[in-house]
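A short worksheet on the structure shown next.
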Amino acid sequence: MKRMHAVPLMGVLAIALLHASASGGAEPTALDLQQRGFFHGREYFAVRSDRLQWLIQADRADLGPALTGYLLDATHIPQNAKRQAYNFDDSNGVRASALEVVSQKSKFAFTAFGEQTRVRWSNPDGIPAVEATWWADGVRVTERFSGLDGNNTIRRTISLTGANLHGDEQYALRLRLPAGNAAATNRAIFVTHRGCPQALVVGDGEPLKIDAANGIVEIGPVTLSPDKTVTIETWLLAQIPANTQTAEEFQKQIASVADDAAPLVEATRARWTRASRIETEDALVRDVFDITRSVLPGIAADTGNVRVGPFQYAAEWGRDNSQFSLGLTASGHFELARAVLEHCIRDMITAGGTTMIGGGFDNPDREQFDQTGELMLALRWYTEMSGDNTLAETYRAKLIALVERPLKPAFRDATGLVHNRREFWEQTMNDAYELAYNTYVVVGLREAAALAGPLGARDRKESWLKEAEAIRTAMLRTLVQDGALIKRRNVAGEVAECLVQATGAPDVPARSAAHNRIHPDATMALPIALGLVEPGSSLAIRTLNEVEKLRNQRWWGGGYGRYDASAEINMPGPWGIAGALVLRGQHAGGMLDRS
């Protein structure tokens, strides 16, 4: 659940250029801006086949091709910079991944133009695909990307429609590999770039020209008529893990697609028919669920590894992986949900019950005790929905240690509450009782009690429930002020109102403002969302009214900040995760007009 920087809605390009000029540095080029992890209007979409992850970047600004892709190893967590993508070229970035549609009259090569390119998820043949639509002269171009089961293969279906033509016209399609000096075989070219063998394969049906020296495949010329559509199948393959097989084995991998890709397509379609779907007249809920069920398998690898922050975080967190497995379970991807959960339990929890933070384990005073409840909630969901008890049975000793760790005297005092110096959004504070941590400790104990049978701990069930209720009661006694829940109270007794250690760039509020309040906080909605507070009670209503102050603090258009914007260590703006927490609390509390 690592957070991305909120992007202010303003002329980002102009500001970037101004800052570079004012600081005396060279102005960034369009290629520099393409390579930034965050940019105004930029979106990312992920599809995956085995370990091959194709991360699609869709730009709305005119920085070059609006539609490009990064070839990554889904299991290689440290590969978190664009320059580390296997198809990255120092001179051109990943521009070689863009499709060109070439007019045979003018010889002009059209690529997707940001202002007129639309990208979305679609499901044209039972397999979710990232669908991009753009214009090349009078031709409507549609590209669909989907990951095929097996073979590290991404299918790229290209459709050309003469939507605004008034007679027959001829165009060619041009695809490239990231470097020259490729080799060719039948209807494929292949090259090893950055230590990774990769290939392009083109289906039968259209003329083909191969320029191996420059790594180019040209399809056509294709004759297009008004309102008629021509569709061409292509495939991108890579050897992942990189360079671990012989050249002959890679040739077999290419041949399996070039000879007949139908078995791969059918196997993929069969898997997606087993995934969950939701039927509702609420289009928003239906679309959000559909997008989620489509994108999650593109992010989590079959090994259970999750690259939660592409181009930002070279590590994993227990809370992130738990949330991914929860989503995978809800969307019916049980095998992948199990893999993520097992990786989380096996590799990201110590024998003593400490959970991983940023790829490592922090000192006890800075542990994230919400991770206990988040993992146990995800495990209970998976166990009940899949009918598979084996994770709880296999890892029972470690899971019991996880659940009982926060109950140790080192973390819990006479109030009955858990305390330490870390807060939910990962800032270091004074020693205090954090509402979110105590909420999730209660959840963890309750979920453990629900799994007492598979955990072989029926004798502990009642004590776990008793401890959970004791902490919940202590929360309602200690973490309430003026009839509403509060985010944090110092062990000395006072409400934790302000940020303790300001970090970030000089222009962020935490550094530029003299007063940095951390109250209210989006996590104040969690006890309501998770059933620790009666939804219709005055406590819930007053709390949600306090949380509502986080909406539109220093911006327009809605959305909630994590906490009061005066303490933001990044640029102030709405955060998706904060909005999700608030929405859940509002929905549980019956405030449907807000949620």
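Identifiers for the structure tokens are assigned positionally: chains receive A, B, ... in sequence, residues are indexed from 1 per chain, and ligands are indexed from 1 in the order shown.
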Exercise. Tell me which protein, DNA and RNA residues are within 10 Å of range 424-431 of chain A, counting only C-alpha atoms, leaving out same-chain ones fewer than 5 positions away, and put them as a PyMOL selection string.
Key: chain A and resi 1-3+357+365-370+419+436-437+487-492+496+498-503+521+523+562-563+569
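Every residue of range 453-595 of chain A with a DSSP assignment of strand (DSSP E or B), taken from the backbone, is listed as Val480, Gln481, Ala484, Leu485, Arg488, Arg489, Asn490, Val495, Cys498, Arg517, Asp521, Arg551, Tyr560 and Tyr563 of chain A.
Of the residues listed (A:Gly504, A:Gly138, A:Gly215, A:Pro535), A:Gly138 shows the shortest atom-to-atom separation from Leu165 in chain A; distances use only C-alpha atoms.
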Self-check item: Those of range 252-287 of chain A in DSSP alpha helix (DSSP H), formatted as a list in words
Solution: Lys252, Gln253, Ile254, Ala255, Ser256, Val257, Ala258, Asp259, Ala262, Pro263, Leu264, Val265, Glu266, Ala267, Thr268, Arg269, Ala270, Arg271, Trp272, Thr273, Ala283, Leu284, Val285, Arg286 and Asp287 of chain A
Sorted per-residue table, range 256-322 of chain A near range 48-54 of chain A, closest atoms and distance, 7 Å, only C-alpha atoms, as a Markdown table:
| residue | atom | partner | partner_atom | distance |
| --- | --- | --- | --- | --- |
| A:Gly298 | CA | A:Arg48 | CA | 4.6 |
| A:Ala301 | CA | A:Arg51 | CA | 6.4 |
| A:Asp302 | CA | A:Asp50 | CA | 6.7 |
Self-check item: Pick from A:Phe311, A:Tyr70, A:Tyr440, A:Phe361 nearest to Gly373 in chain A, counting only C-alpha atoms
Solution: A:Tyr440
For the interface of range 177-244 of chain A with range 100-117 of chain A (cut-off 12 Å, counting only C-alpha atoms), please tabulate each contacting residue of range 177-244 of chain A alongside its nearest pair of atoms and their separation in Å to one decimal, rows sorted by chain and increasing number, as CSV.
residue,atom,partner,partner_atom,distance
A:Ile216,CA,A:Glu100,CA,10.8
A:Val217,CA,A:Glu100,CA,10.6
A:Glu218,CA,A:Glu100,CA,9.3
A:Ile219,CA,A:Val101,CA,9.6
A:Gly220,CA,A:Val102,CA,9.7
A:Pro221,CA,A:Gln104,CA,7.4
A:Val222,CA,A:Gln104,CA,9.3
A:Thr223,CA,A:Gln104,CA,9.9
A:Leu224,CA,A:Ser103,CA,11.1
Practice problem: Name the closest residue to Leu476 in chain A among the candidates A:Pro527, A:Gly69, A:Pro226, A:Gly559; distances are taken between atoms, counting only C-alpha atoms. | Solution: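 For Leu476 in chain A, the nearest of the given residues is A:Pro527.
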Quiz item: What's the 9 Å shell around range 381-392 of chain A, counting only C-alpha atoms, without same-chain residues fewer than 3 positions away, as a list of chain:residue names?
Solution: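 After dropping sequence-adjacent residues, the list is A:Ser325, A:Leu326, A:Leu328, A:Thr329, A:Ala330, A:Gly332, A:Phe334, A:Ala337, A:Arg338, A:Leu341, A:Glu342, A:Ile345, A:Met376, A:Leu377, A:Ala378, A:Tyr395, A:Arg396, A:Leu399, A:Leu451, A:Pro454, A:Leu455, A:Gly456.
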Could you turn the residues from that selection into a file that holds C-alpha atoms, as a CSV table (one decimal), in the first residue's frame?
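New file selection-v9.csv:
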chain,number,residue,atom,x,y,z
A,325,SER,CA,-4.3,-11.4,-2.3
A,326,LEU,CA,-7.6,-10.2,-1.0
A,328,LEU,CA,-7.4,-11.8,-6.2
A,329,THR,CA,-9.6,-13.9,-3.9
A,330,ALA,CA,-12.6,-11.7,-4.4
A,332,GLY,CA,-11.8,-15.6,-8.3
A,334,PHE,CA,-7.6,-18.4,-6.3
A,337,ALA,CA,-4.2,-15.4,-4.4
A,338,ARG,CA,-2.7,-18.5,-2.8
A,341,LEU,CA,-0.4,-15.3,0.4
A,342,GLU,CA,2.1,-18.1,0.7
A,345,ILE,CA,3.6,-15.9,5.0
A,376,MET,CA,-5.2,-12.6,8.7
A,377,LEU,CA,-8.3,-11.0,7.0
A,378,ALA,CA,-6.9,-11.9,3.6
A,395,TYR,CA,2.1,-22.2,8.6
A,396,ARG,CA,0.2,-22.4,11.9
A,399,LEU,CA,0.7,-17.3,12.0
A,451,LEU,CA,-9.5,-19.9,11.6
A,454,PRO,CA,-7.2,-25.0,10.6
A,455,LEU,CA,-4.7,-23.3,12.9
A,456,GLY,CA,-4.9,-26.1,15.4
Quick one: residues within 8 Å of Ile77 in chain A, only C-alpha atoms, excluding same-chain residues fewer than 5 positions away - as a PDB file with all heavy atoms, in the first residue's frame?
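Written out: selection11.pdb:
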ATOM      1  N   ASN A 305       5.210 -12.926  -5.938  1.00  0.00           N
ATOM      2  CA  ASN A 305       5.838 -11.607  -5.829  1.00  0.00           C
ATOM      3  C   ASN A 305       4.911 -10.539  -6.391  1.00  0.00           C
ATOM      4  O   ASN A 305       4.210 -10.768  -7.372  1.00  0.00           O
ATOM      5  CB  ASN A 305       7.158 -11.573  -6.601  1.00  0.00           C
ATOM      6  CG  ASN A 305       8.184 -12.523  -6.030  1.00  0.00           C
ATOM      7  OD1 ASN A 305       8.229 -13.689  -6.396  1.00  0.00           O
ATOM      8  ND2 ASN A 305       9.003 -12.036  -5.110  1.00  0.00           N
ATOM      9  N   VAL A 306       4.940  -9.367  -5.778  1.00  0.00           N
ATOM     10  CA  VAL A 306       4.090  -8.262  -6.224  1.00  0.00           C
ATOM     11  C   VAL A 306       4.938  -7.003  -6.319  1.00  0.00           C
ATOM     12  O   VAL A 306       5.493  -6.538  -5.316  1.00  0.00           O
ATOM     13  CB  VAL A 306       2.917  -8.015  -5.254  1.00  0.00           C
ATOM     14  CG1 VAL A 306       2.055  -6.864  -5.756  1.00  0.00           C
ATOM     15  CG2 VAL A 306       2.075  -9.267  -5.077  1.00  0.00           C
ATOM     16  N   ARG A 307       5.029  -6.442  -7.527  1.00  0.00           N
ATOM     17  CA  ARG A 307       5.734  -5.162  -7.713  1.00  0.00           C
ATOM     18  C   ARG A 307       4.708  -4.057  -7.522  1.00  0.00           C
ATOM     19  O   ARG A 307       4.095  -3.580  -8.462  1.00  0.00           O
ATOM     20  CB  ARG A 307       6.372  -5.090  -9.094  1.00  0.00           C
ATOM     21  CG  ARG A 307       7.424  -6.171  -9.327  1.00  0.00           C
ATOM     22  CD  ARG A 307       8.074  -6.090 -10.705  1.00  0.00           C
ATOM     23  NE  ARG A 307       8.907  -4.907 -10.816  1.00  0.00           N
ATOM     24  CZ  ARG A 307       8.657  -3.893 -11.647  1.00  0.00           C
ATOM     25  NH1 ARG A 307       7.592  -3.921 -12.419  1.00  0.00           N
ATOM     26  NH2 ARG A 307       9.454  -2.870 -11.712  1.00  0.00           N
ATOM     27  N   ALA A 314      11.383  -0.536  -4.805  1.00  0.00           N
ATOM     28  CA  ALA A 314      12.112  -1.767  -5.106  1.00  0.00           C
ATOM     29  C   ALA A 314      12.037  -2.713  -3.912  1.00  0.00           C
ATOM     30  O   ALA A 314      13.040  -3.203  -3.424  1.00  0.00           O
ATOM     31  CB  ALA A 314      13.567  -1.441  -5.425  1.00  0.00           C
ATOM     32  N   ALA A 315      10.827  -2.956  -3.419  1.00  0.00           N
ATOM     33  CA  ALA A 315      10.671  -3.791  -2.226  1.00  0.00           C
ATOM     34  C   ALA A 315       9.227  -4.245  -2.117  1.00  0.00           C
ATOM     35  O   ALA A 315       8.377  -3.887  -2.937  1.00  0.00           O
ATOM     36  CB  ALA A 315      11.088  -3.001  -0.977  1.00  0.00           C
ATOM     37  N   GLU A 316       8.947  -5.039  -1.072  1.00  0.00           N
ATOM     38  CA  GLU A 316       7.592  -5.502  -0.810  1.00  0.00           C
ATOM     39  C   GLU A 316       7.213  -5.226   0.644  1.00  0.00           C
ATOM     40  O   GLU A 316       8.065  -5.152   1.514  1.00  0.00           O
ATOM     41  CB  GLU A 316       7.483  -7.010  -1.084  1.00  0.00           C
ATOM     42  CG  GLU A 316       7.605  -7.376  -2.551  1.00  0.00           C
ATOM     43  CD  GLU A 316       7.477  -8.874  -2.760  1.00  0.00           C
ATOM     44  OE1 GLU A 316       8.401  -9.603  -2.353  1.00  0.00           O
ATOM     45  OE2 GLU A 316       6.466  -9.314  -3.323  1.00  0.00           O
TER      46      GLU A 316
END
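Distance check against Arg380 in chain A using only C-alpha atoms: of A:Gln586, A:Glu494, A:Gly444, A:Ala410, the minimum falls on A:Gly444.
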Quiz item: What separation in Å, quoted to one decimal, exists between CA of Thr303 in chain A and CA of Gln79 in chain A?
Solution: 15.8 Å
Quiz item: What does the distance from CA of Asp62 in chain A to CA of Gln312 in chain A come to in Å, to one decimal?
Solution: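 CA of Gln312 in chain A lies 23.4 Å from CA of Asp62 in chain A.
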Practice problem: Pick out the residues sitting within 10 Å of Asp149 in chain A, and hand them over as a ChimeraX atom specification; count only C-alpha atoms, and ignore anything fewer than 5 positions along from it in its own chain. | Solution: /A:48-50,154,263-271
Quiz prompt | CA of Asn80 in chain A to CA of Ile577 in chain A, distance in Å rounded to a single decimal | solution =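 Pair CA of Asn80 in chain A / CA of Ile577 in chain A returns 21.1 Å.
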Practice problem: Go through A:Ile471, A:Ile400, A:Gln245, A:Thr478 and flag the residue nearest Arg412 in chain A, using only C-alpha atoms for the distances. | Solution: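 Ranking A:Ile471, A:Ile400, A:Gln245, A:Thr478 by distance to Arg412 in chain A, first place goes to A:Ile471.
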Exercise. Find, counting only C-alpha atoms, the residue in A:Ala505, A:Ala580, A:Leu336, A:Ala163 that gets nearest to Asp227 in chain A.
Key: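 That would be A:Ala163, the residue with the smallest distance to Asp227 in chain A.
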Exercise. Pick out the residues sitting within 7 Å of Leu200 in chain A, and hand them over as a list in words; count only C-alpha atoms, and ignore anything fewer than 5 positions along from it in its own chain.
Key: Ala188, Ile189, Phe190, Trp235, Leu236 and Leu237 of chain A
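The shell of residues at most 7 Å from Arg319 in chain A, with only C-alpha atoms counted and near chain neighbours (fewer than 3 positions) removed, consists of Met1, Ser322, Gln323, Gln371, Glu374 and Leu375 of chain A.
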Restrict the selected residues to C-alpha atoms and save them as a compact mmCIF listing (two decimals), in the first residue's frame.
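Heads up, here's the output in out28.txt:
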# COMPACT_ATOMS: atom_id res chain seq x y z
CA MET A 1 0.00 0.00 0.00
CA SER A 322 -2.18 -8.97 1.74
CA GLN A 323 -4.36 -6.46 -0.08
CA GLN A 371 -0.19 -5.82 8.85
CA GLU A 374 -4.64 -7.24 7.04
CA LEU A 375 -2.89 -10.56 6.45
